[in-house]
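Participant: Questions regarding the structure given below will be posed in turn.
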Amino acid sequence: MLYTLAGGGTLCGVAALVLLIVSTATDFWMQYRYSGSYANQGLWRFCINHKCHAHTMTVAFWDATRAFMLLAVLSCFAGVVLGLSAFTNGTKNRRVRTGGVALVLSGFLALLALAIYTGVTVTFFGKRFVDWRFSWSYIIGWVAIILAFSAGVFQLCAYQRTTTEPAPSNNPDS
């Protein structure tokens, strides 16, 4: 049972890591109509008429969203590495627990990033642009949050399961 829970947590963690990296690196968090054509906006740059430009403004919500997403990626990576190393070393209990905590932290950090981005986007861009919508990178970020939390819960359940199971007895009577 331990290997099933820890393995499921590690698998969810790997999927969350891939989705967090894709979500953070791509330029499709929001789409809107600008000067008659569609524009895409990401964390690092925006694209208008198939030409991409780096964000020149340093706004606190951009910096906070970027920082929390990068920390989420690093925390998820640490959780996956700890989960994998627990299998190679005979399932060390502390590594499974620490990996679970790192994965839950990753989900929480990504949740903070997307909450900040959502709040600012809805209040600012929602009033400025009439025809706008969240794009696929943003939605992938939410899926990654669910996977990261699930991976952390699986890892923590695996740890809890190993600490509550009684040790096998070496009773010669049986």
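The chains in the structure tokens are called A, B, ... from first to last as shown; in each chain the residues are counted from 1, and the ligands are counted from 1 in the order shown.
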Do you know which residues are at most 10 Å from Thr26 in chain A counting only C-alpha atoms, after dropping those on the same chain fewer than 3 positions away, and could you put them as a list of chain:residue names?
Facilitator: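 Counting only C-alpha atoms, the residues come to A:Ile21, A:Val22, A:Ser23, A:Trp29, A:Gln41, A:Gly42, A:Leu43, A:Trp44, A:Arg45, A:Trp136, A:Ser137, A:Tyr138.
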Participant: Take the selection from the previous step and output its residues with N, CA and C atoms, as an mmCIF file, in the first residue's frame.
Facilitator:
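Result written to selection35.cif:
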```cif
data_model
loop_
_atom_site.group_PDB
_atom_site.id
_atom_site.type_symbol
_atom_site.label_atom_id
_atom_site.label_comp_id
_atom_site.auth_asym_id
_atom_site.auth_seq_id
_atom_site.Cartn_x
_atom_site.Cartn_y
_atom_site.Cartn_z
ATOM 1 N N ILE A 21 5.733 23.932 -15.456
ATOM 2 C CA ILE A 21 6.773 24.478 -16.339
ATOM 3 C C ILE A 21 6.152 25.007 -17.625
ATOM 4 N N VAL A 22 5.255 24.236 -18.223
ATOM 5 C CA VAL A 22 4.605 24.677 -19.463
ATOM 6 C C VAL A 22 3.786 25.936 -19.213
ATOM 7 N N SER A 23 3.059 25.956 -18.120
ATOM 8 C CA SER A 23 2.225 27.118 -17.804
ATOM 9 C C SER A 23 3.056 28.369 -17.560
ATOM 10 N N TRP A 29 -1.573 33.233 -21.307
ATOM 11 C CA TRP A 29 -2.363 33.311 -20.082
ATOM 12 C C TRP A 29 -3.671 34.050 -20.330
ATOM 13 N N GLN A 41 -1.105 37.326 -23.936
ATOM 14 C CA GLN A 41 -0.291 37.867 -22.858
ATOM 15 C C GLN A 41 0.123 36.727 -21.941
ATOM 16 N N GLY A 42 1.404 36.688 -21.607
ATOM 17 C CA GLY A 42 1.927 35.689 -20.690
ATOM 18 C C GLY A 42 2.630 36.360 -19.528
ATOM 19 N N LEU A 43 3.356 35.572 -18.762
ATOM 20 C CA LEU A 43 4.071 36.130 -17.616
ATOM 21 C C LEU A 43 5.311 36.907 -18.022
ATOM 22 N N TRP A 44 5.915 36.549 -19.137
ATOM 23 C CA TRP A 44 7.193 37.128 -19.503
ATOM 24 C C TRP A 44 7.102 38.101 -20.663
ATOM 25 N N ARG A 45 6.121 37.908 -21.560
ATOM 26 C CA ARG A 45 5.992 38.787 -22.714
ATOM 27 C C ARG A 45 4.561 38.764 -23.234
ATOM 28 N N TRP A 136 -5.190 28.963 -22.536
ATOM 29 C CA TRP A 136 -4.881 27.592 -22.144
ATOM 30 C C TRP A 136 -3.751 27.476 -21.137
ATOM 31 N N SER A 137 -2.755 28.343 -21.172
ATOM 32 C CA SER A 137 -1.661 28.254 -20.193
ATOM 33 C C SER A 137 -2.172 28.513 -18.784
ATOM 34 N N TYR A 138 -3.079 29.448 -18.674
ATOM 35 C CA TYR A 138 -3.688 29.776 -17.391
ATOM 36 C C TYR A 138 -4.484 28.576 -16.861
#
```
Participant: Within 10 Å of range 92-98 of chain A, counting only C-alpha atoms, which residues qualify if same-chain residues fewer than 2 places away don't, as number ranges by chain?
Facilitator: A: 2, 6, 9-10, 78-90, 100-104, 152-163
Participant: Find the residues around Phe129 in chain A up to 12 Å (only C-alpha atoms counted), leave out those fewer than 5 positions away in its own chain, and share them as number ranges by chain.
Facilitator: A: 30-36, 38-39, 121-124
Participant: Save out the residues we just selected, all heavy atoms, as a tab-separated table (two decimals), in the first residue's frame.
Facilitator:
```
chain	number	residue	atom	x	y	z
A	30	MET	N	-3.62	35.04	-21.20
A	30	MET	CA	-4.82	35.80	-21.50
A	30	MET	C	-4.82	36.18	-22.97
A	30	MET	O	-3.77	36.48	-23.54
A	30	MET	CB	-4.88	37.07	-20.64
A	30	MET	CG	-6.17	37.83	-20.77
A	30	MET	SD	-6.23	39.30	-19.76
A	30	MET	CE	-5.30	40.44	-20.75
A	31	GLN	N	-6.01	36.16	-23.59
A	31	GLN	CA	-6.15	36.63	-24.95
A	31	GLN	C	-7.16	37.77	-24.95
A	31	GLN	O	-8.16	37.72	-24.24
A	31	GLN	CB	-6.66	35.51	-25.86
A	31	GLN	CG	-5.67	34.43	-26.10
A	31	GLN	CD	-6.22	33.34	-27.00
A	31	GLN	OE1	-7.42	33.14	-27.11
A	31	GLN	NE2	-5.32	32.62	-27.66
A	32	TYR	N	-6.89	38.78	-25.76
A	32	TYR	CA	-7.80	39.91	-25.87
A	32	TYR	C	-7.66	40.53	-27.24
A	32	TYR	O	-6.70	40.29	-27.96
A	32	TYR	CB	-7.54	40.95	-24.77
A	32	TYR	CG	-6.12	41.45	-24.69
A	32	TYR	CD1	-5.72	42.59	-25.36
A	32	TYR	CD2	-5.16	40.76	-23.94
A	32	TYR	CE1	-4.42	43.05	-25.30
A	32	TYR	CE2	-3.86	41.21	-23.87
A	32	TYR	CZ	-3.50	42.36	-24.55
A	32	TYR	OH	-2.21	42.79	-24.49
A	33	ARG	N	-8.64	41.33	-27.61
A	33	ARG	CA	-8.62	42.01	-28.90
A	33	ARG	C	-8.00	43.40	-28.69
A	33	ARG	O	-8.43	44.17	-27.85
A	33	ARG	CB	-10.03	42.14	-29.46
A	33	ARG	CG	-10.04	42.64	-30.89
A	33	ARG	CD	-11.43	42.58	-31.48
A	33	ARG	NE	-11.89	41.24	-31.77
A	33	ARG	CZ	-11.54	40.53	-32.84
A	33	ARG	NH1	-10.69	41.02	-33.71
A	33	ARG	NH2	-12.03	39.34	-33.06
A	34	TYR	N	-6.94	43.66	-29.46
A	34	TYR	CA	-6.22	44.93	-29.36
A	34	TYR	C	-6.01	45.46	-30.78
A	34	TYR	O	-5.41	44.79	-31.60
A	34	TYR	CB	-4.87	44.71	-28.66
A	34	TYR	CG	-4.08	45.97	-28.44
A	34	TYR	CD1	-4.39	46.82	-27.39
A	34	TYR	CD2	-3.04	46.30	-29.28
A	34	TYR	CE1	-3.66	47.97	-27.19
A	34	TYR	CE2	-2.31	47.45	-29.08
A	34	TYR	CZ	-2.63	48.29	-28.03
A	34	TYR	OH	-1.92	49.43	-27.82
A	35	SER	N	-6.50	46.63	-31.05
A	35	SER	CA	-6.38	47.28	-32.37
A	35	SER	C	-6.89	46.38	-33.50
A	35	SER	O	-6.27	46.25	-34.55
A	35	SER	CB	-4.94	47.69	-32.64
A	35	SER	OG	-4.51	48.62	-31.70
A	36	GLY	N	-7.98	45.69	-33.27
A	36	GLY	CA	-8.60	44.88	-34.30
A	36	GLY	C	-8.06	43.48	-34.46
A	36	GLY	O	-8.59	42.70	-35.24
A	38	TYR	N	-6.19	39.85	-32.41
A	38	TYR	CA	-6.05	39.20	-31.12
A	38	TYR	C	-4.62	39.32	-30.61
A	38	TYR	O	-3.66	39.25	-31.37
A	38	TYR	CB	-6.44	37.72	-31.19
A	38	TYR	CG	-7.93	37.53	-31.07
A	38	TYR	CD1	-8.68	37.19	-32.17
A	38	TYR	CD2	-8.56	37.70	-29.85
A	38	TYR	CE1	-10.05	37.02	-32.07
A	38	TYR	CE2	-9.92	37.54	-29.73
A	38	TYR	CZ	-10.66	37.20	-30.84
A	38	TYR	OH	-12.01	37.05	-30.73
A	39	ALA	N	-4.51	39.50	-29.32
A	39	ALA	CA	-3.20	39.58	-28.66
A	39	ALA	C	-3.16	38.54	-27.55
A	39	ALA	O	-4.18	38.20	-26.96
A	39	ALA	CB	-2.98	40.97	-28.09
A	121	THR	N	-6.32	40.67	-13.17
A	121	THR	CA	-6.84	40.57	-14.54
A	121	THR	C	-8.32	40.91	-14.60
A	121	THR	O	-8.76	41.67	-15.46
A	121	THR	CB	-6.60	39.16	-15.11
A	121	THR	OG1	-5.20	38.91	-15.10
A	121	THR	CG2	-7.12	39.04	-16.52
A	122	VAL	N	-9.09	40.38	-13.68
A	122	VAL	CA	-10.53	40.63	-13.71
A	122	VAL	C	-10.84	42.09	-13.39
A	122	VAL	O	-11.67	42.72	-14.05
A	122	VAL	CB	-11.25	39.67	-12.74
A	122	VAL	CG1	-12.70	40.07	-12.54
A	122	VAL	CG2	-11.17	38.24	-13.27
A	123	THR	N	-10.16	42.66	-12.41
A	123	THR	CA	-10.47	44.04	-12.03
A	123	THR	C	-9.90	45.08	-13.00
A	123	THR	O	-10.54	46.08	-13.27
A	123	THR	CB	-9.96	44.36	-10.62
A	123	THR	OG1	-8.56	44.12	-10.56
A	123	THR	CG2	-10.68	43.53	-9.58
A	124	PHE	N	-8.71	44.83	-13.55
A	124	PHE	CA	-8.09	45.83	-14.43
A	124	PHE	C	-8.39	45.57	-15.90
A	124	PHE	O	-8.98	46.39	-16.58
A	124	PHE	CB	-6.58	45.87	-14.19
A	124	PHE	CG	-5.86	46.83	-15.09
A	124	PHE	CD1	-6.02	48.19	-14.94
A	124	PHE	CD2	-5.03	46.36	-16.10
A	124	PHE	CE1	-5.36	49.08	-15.77
A	124	PHE	CE2	-4.37	47.24	-16.94
A	124	PHE	CZ	-4.55	48.60	-16.77
```
Participant: Can you pull out every residue from range 83-150 of chain A that DSSP, working from the backbone, puts in alpha helix (DSSP H), and format the result as an MDAnalysis selection string?
Facilitator: chainID A and resid 83:88 93:120 126:128 136:150
Participant: Output C-alpha atoms for every residue in the selection just made, as a PDB file, in the first residue's frame.
Facilitator:
```pdb
ATOM      1  CA  GLY A  83       9.610  11.026  -3.811  1.00  0.00           C
ATOM      2  CA  LEU A  84      11.839   9.267  -6.338  1.00  0.00           C
ATOM      3  CA  SER A  85      14.769   9.032  -3.929  1.00  0.00           C
ATOM      4  CA  ALA A  86      12.519   7.398  -1.344  1.00  0.00           C
ATOM      5  CA  PHE A  87      12.029   4.479  -3.744  1.00  0.00           C
ATOM      6  CA  THR A  88      15.715   4.064  -4.502  1.00  0.00           C
ATOM      7  CA  ASN A  93       9.761   7.707   5.793  1.00  0.00           C
ATOM      8  CA  ARG A  94      11.174  11.210   6.203  1.00  0.00           C
ATOM      9  CA  ARG A  95      11.756  11.624   2.489  1.00  0.00           C
ATOM     10  CA  VAL A  96       8.196  10.624   1.676  1.00  0.00           C
ATOM     11  CA  ARG A  97       6.873  13.106   4.265  1.00  0.00           C
ATOM     12  CA  THR A  98       9.178  15.913   3.147  1.00  0.00           C
ATOM     13  CA  GLY A  99       8.309  15.257  -0.496  1.00  0.00           C
ATOM     14  CA  GLY A 100       4.616  15.453   0.383  1.00  0.00           C
ATOM     15  CA  VAL A 101       5.086  18.745   2.204  1.00  0.00           C
ATOM     16  CA  ALA A 102       7.067  20.164  -0.732  1.00  0.00           C
ATOM     17  CA  LEU A 103       4.325  19.158  -3.176  1.00  0.00           C
ATOM     18  CA  VAL A 104       1.558  20.691  -1.044  1.00  0.00           C
ATOM     19  CA  LEU A 105       3.682  23.848  -0.742  1.00  0.00           C
ATOM     20  CA  SER A 106       4.070  23.873  -4.519  1.00  0.00           C
ATOM     21  CA  GLY A 107       0.318  23.744  -4.977  1.00  0.00           C
ATOM     22  CA  PHE A 108      -0.159  26.526  -2.449  1.00  0.00           C
ATOM     23  CA  LEU A 109       2.442  28.783  -4.115  1.00  0.00           C
ATOM     24  CA  ALA A 110       0.911  28.250  -7.549  1.00  0.00           C
ATOM     25  CA  LEU A 111      -2.518  28.947  -6.042  1.00  0.00           C
ATOM     26  CA  LEU A 112      -1.241  32.270  -4.692  1.00  0.00           C
ATOM     27  CA  ALA A 113       0.231  33.158  -8.091  1.00  0.00           C
ATOM     28  CA  LEU A 114      -2.955  32.388  -9.969  1.00  0.00           C
ATOM     29  CA  ALA A 115      -5.109  34.136  -7.363  1.00  0.00           C
ATOM     30  CA  ILE A 116      -3.065  37.322  -7.722  1.00  0.00           C
ATOM     31  CA  TYR A 117      -3.156  37.106 -11.520  1.00  0.00           C
ATOM     32  CA  THR A 118      -6.899  36.413 -11.558  1.00  0.00           C
ATOM     33  CA  GLY A 119      -7.721  39.280  -9.213  1.00  0.00           C
ATOM     34  CA  VAL A 120      -5.738  41.858 -11.143  1.00  0.00           C
ATOM     35  CA  GLY A 126     -11.802  43.144 -17.529  1.00  0.00           C
ATOM     36  CA  LYS A 127     -12.741  46.821 -17.481  1.00  0.00           C
ATOM     37  CA  ARG A 128     -10.200  47.888 -20.095  1.00  0.00           C
ATOM     38  CA  TRP A 136      -4.881  27.592 -22.144  1.00  0.00           C
ATOM     39  CA  SER A 137      -1.661  28.254 -20.193  1.00  0.00           C
ATOM     40  CA  TYR A 138      -3.688  29.776 -17.391  1.00  0.00           C
ATOM     41  CA  ILE A 139      -6.056  26.786 -17.314  1.00  0.00           C
ATOM     42  CA  ILE A 140      -3.102  24.371 -17.310  1.00  0.00           C
ATOM     43  CA  GLY A 141      -1.844  26.230 -14.231  1.00  0.00           C
ATOM     44  CA  TRP A 142      -5.074  25.392 -12.381  1.00  0.00           C
ATOM     45  CA  VAL A 143      -4.820  21.730 -13.395  1.00  0.00           C
ATOM     46  CA  ALA A 144      -1.216  21.712 -12.109  1.00  0.00           C
ATOM     47  CA  ILE A 145      -2.422  23.068  -8.750  1.00  0.00           C
ATOM     48  CA  ILE A 146      -4.902  20.209  -8.394  1.00  0.00           C
ATOM     49  CA  LEU A 147      -2.232  17.654  -9.329  1.00  0.00           C
ATOM     50  CA  ALA A 148       0.348  19.155  -6.943  1.00  0.00           C
ATOM     51  CA  PHE A 149      -2.077  19.111  -4.020  1.00  0.00           C
ATOM     52  CA  SER A 150      -3.122  15.544  -4.886  1.00  0.00           C
TER      53      SER A 150
END
```
Participant: Report, in Å to a single decimal, how far apart CA of Phe125 in chain A and CA of Thr56 in chain A are.
Facilitator: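 Going from CA of Thr56 in chain A over to CA of Phe125 in chain A, I get 17.1 Å.
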Participant: Using only C-alpha atoms for the distances, tell me which of A:Trp62, A:Phe68, A:Trp132, A:Phe28 is nearest to Asn40 in chain A.
Facilitator: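 So, comparing all the options, the nearest one is A:Phe28.
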Participant: Among range 16-119 of chain A, which residues carry a DSSP assignment of strand (DSSP E or B), reported as a list in words?
Facilitator: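 Residues meeting the strand (DSSP E or B) criterion: Met30, Gln31, Tyr32, Arg33, Tyr34, Ser37, Tyr38, Ala39, Asn40, Gln41, Arg45, Phe46, Cys47, Ile48, Lys51, Cys52, His53 and Ala54 of chain A.
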Participant: Using Å and a single decimal, report how far CA of Arg133 in chain A sits from CA of Ala67 in chain A.
Facilitator: 23.1 Å
